[in-house]
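A.B. asks: Take a look at this one; I'll ask things after.
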There are 2 protein chains.
Amino acid sequence: MTDIFFPKSCERWGLFEISCPGFSDRNPFADYNIQAVFKHKNGSVKVDGFYDGDGIYKVRFMPSFTGEYSFDISGNFSNKSYSGNFTAEAASENNHGPVRVTNTYHFAYEDGSLYYPVGTTCYVWELQSGELQKKTLETLSKGYFNKIRFCLFPKHYDYNLTEPRSYPYEGKPMDSSVLTKENFLKYNGAGREAGNEWDFTRFNSEHFQHIDKCIASLCSLGIEADLIVMHPYDRWGFSNMKEEEDDHYWKYVIARYAAYRNVWWSLANEYDLMPQKKLSDWERYASIICEKDPYSHLRSIHNCRPFYDYTRPWITHCCIQRQDIYKCAELTAEYRQRYGKPIVLDEIAYEGNIQHGWGNISGKEMVRRFWEAACRGGYAGHGETFFHPKDILWWSHGGELHGESPQRLAFLQRILKDTPAAGLAPFDGGWDTVAAKADEVFDRGVYYIYYFSFMRPSFRVFHFDENTKYQVEVIDTWEMTIENRGIHSGTFKVELPGKEYMAIRIRKQEK
Amino acid sequence: MTDIFFPKSCERWGLFEISCPGFSDRNPFADYNIQAVFKHKNGSVKVDGFYDGDGIYKVRFMPSFTGEYSFDISGNFSNKSYSGNFTAEAASENNHGPVRVTNTYHFAYEDGSLYYPVGTTCYVWELQSGELQKKTLETLSKGYFNKIRFCLFPKHYDYNLTEPRSYPYEGKPMDSSVLTKENFLKYNGAGREAGNEWDFTRFNSEHFQHIDKCIASLCSLGIEADLIVMHPYDRWGFSNMKEEEDDHYWKYVIARYAAYRNVWWSLANEYDLMPQKKLSDWERYASIICEKDPYSHLRSIHNCRPFYDYTRPWITHCCIQRQDIYKCAELTAEYRQRYGKPIVLDEIAYEGNIQHGWGNISGKEMVRRFWEAACRGGYAGHGETFFHPKDILWWSHGGELHGESPQRLAFLQRILKDTPAAGLAPFDGGWDTVAAKADEVFDRGVYYIYYFSFMRPSFRVFHFDENTKYQVEVIDTWEMTIENRGIHSGTFKVELPGKEYMAIRIRKQEK
């Protein structure tokens, strides 16, 4: 390639990519740089590019507007300077832009259409065999989930002792044949002394190019990619790099992935299990994102035990792992009040049967926790950890789902999509009911859900306005049925089957 | 009767009763009194008697020792003075004496045999029709429970609108035909203005004589009678008497029932729903019991929302109603630490399907709560509230049981009886296990139960002493099976079925 390459048009919120030839001597990842400024009548945006191997530098950009854009490329990557222009077309049908916070506690795409997260976790699905990745995407295409959390670095942990398909850096890993189910923990945070040999200044482009494709595949399925940029479960030393190596990594990741509209930034999984990182480190990474991500993708950080301070201004929403075995989703309203941000409970234990207590709840309990969170105005997250003869667990590896919850979570999402507001809010519907209403600044009192969790009332009596007509439905959250119980006014009784996991929905009948 | 009547012998901890003729003019309940002093070589005990109608005064006494007793009767009930003697024989086979606190957190009968409470609640079973009472006793004779909570006053509440079989005072009740399921709450605490006409100085002896028989029937079934002496659910004004009327009632109740070895004193059900009673009233009633009950039966008081101060010295054990819908039995260890007394969680929601959230959990959830409490060194309480065409709910009326939990609670009691100590104590068996050991001052490390609650591990690995042999059993707390898994030492793996409600028991094998 002797000149830059870029398309003449791109859809709004699509990925616009410019490929530029440049120097490949020395260390192009570290010694050369590339930037671009994109201009539109509404303003200009500066973005960093990155070296993608084979003498090619890339600049990626996500146009926020339709219309004409021009760009100017600079940097020491080349002696030449480049510029060009392109047209941003209207977004295609299933492209709603990146997800934003709306109405304080909820989410909407940038085009205003609402987004109700029903996320799952497959920590390193993209680093498995090609066949398994294909199966994961097939499973995801069934539409149970609209967000997936996964790591950019490989994962070392119980059930995660094999080699990943590729590594993020040039070099070679420690010999994993020494690992057993009994001794793996002692290799956590291992580095050079264990036999790892990495050049932390040289990225393995192929590793990250592969993740490009995975993010794009998810995007085409309408699934948000909640990228876990750092995590503690590591035998290679990626969790133990120096400050400048970390910063180099963060800038590369942002330059590479920020232009994908479906990206969310999760600074870490279980940040508090990385004692090698200080609070000032996390705040520094956050400041790099805030500076370098021109699109302000959603940003959060996930705990094991103590929560990060979710009031920090850079945090757009809470990513919470439960702190108590018995109560978590039940605390959603308290978390809303404490943090004033969307509450995403992305680890509330996984459906499964493995030996670890975080990975062996029933599908019924999983679905119950989702409804508890939803009716309190927040969002829970799914994961699955069934014992498997080949150690293929959805939670880390993807593949097939074996549990009973996913279809029920899709059903919950259908219910959420009926909300005549940006989401649900908790309200006091009696001490023994989880009551939700449309989450509006001005409560129009038109939409209520009463969820009974593990309680099994045979009926409930409601006291509503005598002069308004209300549509009453009985929802079986497990059997996924919605039963029309007719139009009522004033005081009325709703019969229930005396089963667990029932809900009553009451809506004002529009004239 | 022209002279006193009493038997020549009585078994130890049996009910010894003396009937004495006396004045029946004026108001014998209020204007005359009777006392007796019982002497034994080990010491003397003074007790109050009571007027039992038809010119007969009674003195009841429970001998704590075997051997010769003499007594002297005094009081203004008669111009005569009486005395006599009798022999206290050895206790019969199923008579172990009153229940006491042992080993700080547990219970034992006075003869030293251990008592693991598995209680139920039938608030006014004894005030139902004779036929229904007979059915209740038949049900109780199946041995699911060894304690029952019930009220001396009739109960007014939802599903409790009919008339009791008798009233505690002479007079007449309000017209209950005005009551409906909708308006009953407005009659709570009603008095004379609602049409009630009672003479609070004159007890209805027949009412209390009937309860005598009920306590005795329970005693013969080996069931403790946890007497709820006051409660707020009242349309007759019994919860709203004056100070001197309350004290008169308390003294009568103690004189009448204290000599039954199976009596426990529960000052109130939901004391905090009786705003008409001040803290000083409860403390005064407690001081009356402490003064007048010579046998120091167990004493406690039950809450609706705020706990009573269970550190009060007169309180022998905590009677706790859960404060949180999701967590209660799970807090047992904290309660033990806070109060340093036995923890009895006598209201943790009832198995059933009625509309009230306190009365519609599943049998599985009920049994789970019992195990959570037991493995944390405390005791839960049962109740049942299934919707019934004739409004006969075990919780208030007794009758038949319809739930799935009772047989599983009996199974738990069998497990508890195997404990090689006075009871279980919680210990740290890992964050995701409810682990119990024998509750001993000197931990001999010989008996462990690991309970997995709603978690479903497929196996667990244990690390024990290499040089000791341990008997391993897998307990299915729901299916009520105990599976022998052989003898193990050192590190060993126990396979589990990946189901909810499983436990593993590990015991040192005796040589």
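Labels for the structure tokens follow display order: chains A, B, ..., residues from 1 in each chain, ligands from 1.
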Within 6 Å of chain A, which residues belong to chain B? Use only C-alpha atoms and report them as a list in words.
C.D. replies: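 For chain B, the answer reads Asn353, Ile354, Gln355, Gly357, Asn360, Ile361, Asp432, Met455, Arg456, Pro457, Ser458, Phe459, Arg460 and Gly498 of chain B.
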A.B. asks: Write out as an mmCIF file with C-alpha atoms, in the first residue's frame each polymer residue whose atoms come within 6 Å of segment 133-144 of chain B, counting only C-alpha atoms; drop sequence neighbours fewer than 3 positions from it.
C.D. replies:
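Okay, part36.cif is ready:
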data_model
loop_
_atom_site.group_PDB
_atom_site.id
_atom_site.type_symbol
_atom_site.label_atom_id
_atom_site.label_comp_id
_atom_site.auth_asym_id
_atom_site.auth_seq_id
_atom_site.Cartn_x
_atom_site.Cartn_y
_atom_site.Cartn_z
ATOM 1 C CA GLY B 130 -64.289 -29.568 70.408
ATOM 2 C CA GLY B 398 -55.127 -26.000 64.263
ATOM 3 C CA GLY B 399 -56.836 -28.938 62.577
ATOM 4 C CA PRO B 406 -43.650 -30.859 58.894
ATOM 5 C CA ALA B 410 -39.151 -33.931 62.185
#
A.B. asks: Please identify the helix (DSSP H, G or I) residues within segment 18-205 of chain B (assignment by DSSP from backbone atoms) and present them as number ranges by chain.
C.D. replies: B: 28-31, 125-127, 130-140, 176-178, 184-187, 192-194, 205
A.B. asks: Take the residues just selected and output them with N, CA, C and O atoms as a short mmCIF file (atom, residue, chain, number, x, y, z; two decimals), in the first residue's frame.
C.D. replies:
data_model
loop_
_atom_site.label_atom_id
_atom_site.label_comp_id
_atom_site.auth_asym_id
_atom_site.auth_seq_id
_atom_site.Cartn_x
_atom_site.Cartn_y
_atom_site.Cartn_z
N PRO B 28 -64.87 -13.61 95.02
CA PRO B 28 -63.77 -14.47 95.50
C PRO B 28 -62.49 -14.31 94.68
O PRO B 28 -61.42 -14.64 95.17
N PHE B 29 -62.61 -13.85 93.41
CA PHE B 29 -61.40 -13.67 92.59
C PHE B 29 -60.55 -12.51 93.08
O PHE B 29 -59.34 -12.50 92.91
N ALA B 30 -61.25 -11.53 93.69
CA ALA B 30 -60.57 -10.28 94.01
C ALA B 30 -60.44 -10.04 95.50
O ALA B 30 -59.45 -9.48 95.97
N ASP B 31 -61.44 -10.50 96.25
CA ASP B 31 -61.48 -10.11 97.66
C ASP B 31 -60.85 -11.13 98.60
O ASP B 31 -60.60 -10.82 99.76
N TRP B 125 -55.94 -22.44 68.92
CA TRP B 125 -56.44 -23.79 68.63
C TRP B 125 -57.36 -24.27 69.74
O TRP B 125 -58.33 -24.99 69.50
N GLU B 126 -57.07 -23.84 70.97
CA GLU B 126 -57.81 -24.36 72.12
C GLU B 126 -59.16 -23.67 72.30
O GLU B 126 -59.95 -24.10 73.14
N LEU B 127 -59.43 -22.63 71.50
CA LEU B 127 -60.71 -21.94 71.63
C LEU B 127 -61.65 -22.26 70.46
O LEU B 127 -62.66 -21.60 70.25
N GLY B 130 -64.87 -28.36 69.84
CA GLY B 130 -64.29 -29.57 70.41
C GLY B 130 -63.76 -30.51 69.35
O GLY B 130 -62.67 -31.09 69.48
N GLU B 131 -64.51 -30.62 68.27
CA GLU B 131 -64.10 -31.52 67.18
C GLU B 131 -62.77 -31.08 66.58
O GLU B 131 -61.87 -31.90 66.32
N LEU B 132 -62.65 -29.78 66.36
CA LEU B 132 -61.43 -29.26 65.74
C LEU B 132 -60.24 -29.41 66.70
O LEU B 132 -59.13 -29.77 66.28
N GLN B 133 -60.49 -29.17 67.99
CA GLN B 133 -59.41 -29.36 68.96
C GLN B 133 -58.92 -30.80 68.96
O GLN B 133 -57.73 -31.08 69.07
N LYS B 134 -59.89 -31.72 68.85
CA LYS B 134 -59.52 -33.14 68.85
C LYS B 134 -58.62 -33.43 67.64
O LYS B 134 -57.61 -34.13 67.74
N LYS B 135 -58.98 -32.85 66.49
CA LYS B 135 -58.19 -33.05 65.28
C LYS B 135 -56.79 -32.46 65.46
O LYS B 135 -55.79 -33.05 65.03
N THR B 136 -56.72 -31.31 66.10
CA THR B 136 -55.41 -30.68 66.32
C THR B 136 -54.53 -31.58 67.17
O THR B 136 -53.35 -31.79 66.84
N LEU B 137 -55.12 -32.13 68.22
CA LEU B 137 -54.31 -33.01 69.09
C LEU B 137 -53.89 -34.28 68.34
O LEU B 137 -52.77 -34.76 68.53
N GLU B 138 -54.77 -34.77 67.49
CA GLU B 138 -54.40 -35.93 66.66
C GLU B 138 -53.21 -35.59 65.78
O GLU B 138 -52.26 -36.36 65.65
N THR B 139 -53.28 -34.41 65.16
CA THR B 139 -52.17 -33.99 64.29
C THR B 139 -50.90 -33.83 65.10
O THR B 139 -49.83 -34.30 64.70
N LEU B 140 -51.03 -33.19 66.26
CA LEU B 140 -49.84 -32.99 67.09
C LEU B 140 -49.26 -34.31 67.57
O LEU B 140 -48.05 -34.42 67.82
N SER B 176 -70.66 -9.77 66.96
CA SER B 176 -69.66 -9.99 65.90
C SER B 176 -70.29 -10.07 64.52
O SER B 176 -69.58 -10.19 63.53
N SER B 177 -71.61 -9.98 64.45
CA SER B 177 -72.23 -10.06 63.12
C SER B 177 -71.94 -8.80 62.29
O SER B 177 -72.16 -8.78 61.09
N VAL B 178 -71.42 -7.77 62.93
CA VAL B 178 -71.09 -6.55 62.18
C VAL B 178 -69.75 -6.67 61.44
O VAL B 178 -69.41 -5.84 60.61
N PHE B 184 -62.71 -5.51 59.68
CA PHE B 184 -62.34 -6.05 60.99
C PHE B 184 -61.27 -5.24 61.70
O PHE B 184 -61.26 -5.16 62.92
N LEU B 185 -60.37 -4.64 60.92
CA LEU B 185 -59.26 -3.94 61.57
C LEU B 185 -59.72 -2.76 62.42
O LEU B 185 -59.08 -2.41 63.40
N LYS B 186 -60.85 -2.18 62.03
CA LYS B 186 -61.31 -1.01 62.79
C LYS B 186 -61.82 -1.39 64.18
O LYS B 186 -61.98 -0.52 65.02
N TYR B 187 -62.06 -2.67 64.42
CA TYR B 187 -62.49 -3.10 65.75
C TYR B 187 -61.33 -3.50 66.65
O TYR B 187 -61.54 -3.89 67.80
N ARG B 192 -65.78 -1.18 75.55
CA ARG B 192 -67.17 -1.04 75.96
C ARG B 192 -68.01 -0.32 74.90
O ARG B 192 -69.18 -0.67 74.67
N GLU B 193 -67.43 0.68 74.24
CA GLU B 193 -68.18 1.46 73.26
C GLU B 193 -68.68 0.62 72.09
O GLU B 193 -69.63 0.97 71.41
N ALA B 194 -67.99 -0.53 71.85
CA ALA B 194 -68.40 -1.40 70.74
C ALA B 194 -69.45 -2.42 71.20
O ALA B 194 -69.94 -3.21 70.40
N SER B 205 -64.06 -19.15 85.08
CA SER B 205 -63.25 -20.32 85.44
C SER B 205 -63.27 -21.39 84.37
O SER B 205 -62.26 -22.05 84.09
#
A.B. asks: Would you mind listing what lies within 9 Å of Leu412 of chain A as a PyMOL selection string, with only C-alpha atoms counted and same-chain residues fewer than 6 positions away left out?
C.D. replies: chain A and resi 118+367+370-371+374+477+480
A.B. asks: Would you save the residues of that selection, restricted to N, CA, C and O atoms, as an mmCIF file, in the first residue's frame?
C.D. replies:
data_model
loop_
_atom_site.group_PDB
_atom_site.id
_atom_site.type_symbol
_atom_site.label_atom_id
_atom_site.label_comp_id
_atom_site.auth_asym_id
_atom_site.auth_seq_id
_atom_site.Cartn_x
_atom_site.Cartn_y
_atom_site.Cartn_z
ATOM 1 N N VAL A 118 -30.094 -6.920 29.359
ATOM 2 C CA VAL A 118 -30.161 -8.269 29.907
ATOM 3 C C VAL A 118 -28.850 -8.903 29.459
ATOM 4 O O VAL A 118 -28.731 -9.409 28.352
ATOM 5 N N VAL A 367 -33.806 -16.287 37.801
ATOM 6 C CA VAL A 367 -34.890 -15.480 37.233
ATOM 7 C C VAL A 367 -35.529 -14.615 38.318
ATOM 8 O O VAL A 367 -35.850 -13.449 38.100
ATOM 9 N N PHE A 370 -33.444 -11.590 38.787
ATOM 10 C CA PHE A 370 -33.646 -10.629 37.695
ATOM 11 C C PHE A 370 -34.910 -9.808 37.918
ATOM 12 O O PHE A 370 -34.912 -8.594 37.722
ATOM 13 N N TRP A 371 -35.988 -10.476 38.299
ATOM 14 C CA TRP A 371 -37.249 -9.743 38.516
ATOM 15 C C TRP A 371 -37.151 -8.818 39.725
ATOM 16 O O TRP A 371 -37.693 -7.708 39.711
ATOM 17 N N ALA A 374 -35.249 -5.864 38.425
ATOM 18 C CA ALA A 374 -36.002 -5.086 37.435
ATOM 19 C C ALA A 374 -37.104 -4.270 38.099
ATOM 20 O O ALA A 374 -37.282 -3.086 37.809
ATOM 21 N N THR A 477 -44.025 -15.465 35.767
ATOM 22 C CA THR A 477 -42.685 -15.124 35.270
ATOM 23 C C THR A 477 -41.877 -16.365 34.935
ATOM 24 O O THR A 477 -40.901 -16.280 34.202
ATOM 25 N N MET A 480 -43.904 -18.020 31.805
ATOM 26 C CA MET A 480 -43.863 -17.027 30.720
ATOM 27 C C MET A 480 -45.228 -16.826 30.067
ATOM 28 O O MET A 480 -45.365 -16.815 28.841
#
A.B. asks: Identify which of the residues A:Arg256, A:His231, A:Gln128, A:Cys151 lies closest to Phe61 of chain A, counting only C-alpha atoms when measuring atom-to-atom distances.
C.D. replies: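 Ranked by minimum distance to Phe61 of chain A, first place goes to A:Arg256.
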A.B. asks: Just give me the gap between atom CA of Glu243 of chain A and atom CA of Thr311 of chain A in Å, one decimal is fine.
C.D. replies: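 Spanning atom CA of Glu243 of chain A to atom CA of Thr311 of chain A is a straight-line distance of 24.9 Å.
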A.B. asks: If I take atom CA of Ser239 of chain A and atom CA of Leu152 of chain A, how far is one from the other in Å, to one decimal?
C.D. replies: 11.6 Å
A.B. asks: What lies within 7 Å of Trp198 of chain A using only C-alpha atoms, ignoring chain neighbours under 3 positions off, as a VMD selection string?
C.D. replies: chain A and resid 169 to 172
A.B. asks: DSSP on the backbone: what in segment 69-216 of chain A comes out strand (DSSP E or B), as a VMD selection string?
C.D. replies: chain A and resid 69 to 74 82 to 89 99 to 102 106 to 109 114 to 115 119 to 121 147 to 151 157 160 169 to 172 197 to 203
A.B. asks: Got a sec: who's within 6 Å of Thr491 of chain B, counting only C-alpha atoms, leaving out chain neighbours fewer than 4 positions off, as an MDAnalysis selection string?
C.D. replies: chainID B and resid 462:464
A.B. asks: Please save N, CA, C and O atoms of the selected residues as a PDB file, in the first residue's frame.
C.D. replies:
ATOM      1  N   PHE B 462     -12.718 -31.445  50.961  1.00  0.00           N
ATOM      2  CA  PHE B 462     -12.438 -31.119  52.364  1.00  0.00           C
ATOM      3  C   PHE B 462     -10.985 -31.426  52.707  1.00  0.00           C
ATOM      4  O   PHE B 462     -10.389 -32.337  52.131  1.00  0.00           O
ATOM      5  N   HIS B 463     -10.475 -30.678  53.630  1.00  0.00           N
ATOM      6  CA  HIS B 463      -9.098 -30.894  54.079  1.00  0.00           C
ATOM      7  C   HIS B 463      -9.129 -31.157  55.582  1.00  0.00           C
ATOM      8  O   HIS B 463      -9.293 -30.230  56.376  1.00  0.00           O
ATOM      9  N   PHE B 464      -9.004 -32.419  55.947  1.00  0.00           N
ATOM     10  CA  PHE B 464      -9.038 -32.793  57.357  1.00  0.00           C
ATOM     11  C   PHE B 464      -7.706 -33.410  57.756  1.00  0.00           C
ATOM     12  O   PHE B 464      -6.796 -33.569  56.930  1.00  0.00           O
TER      13      PHE B 464
END
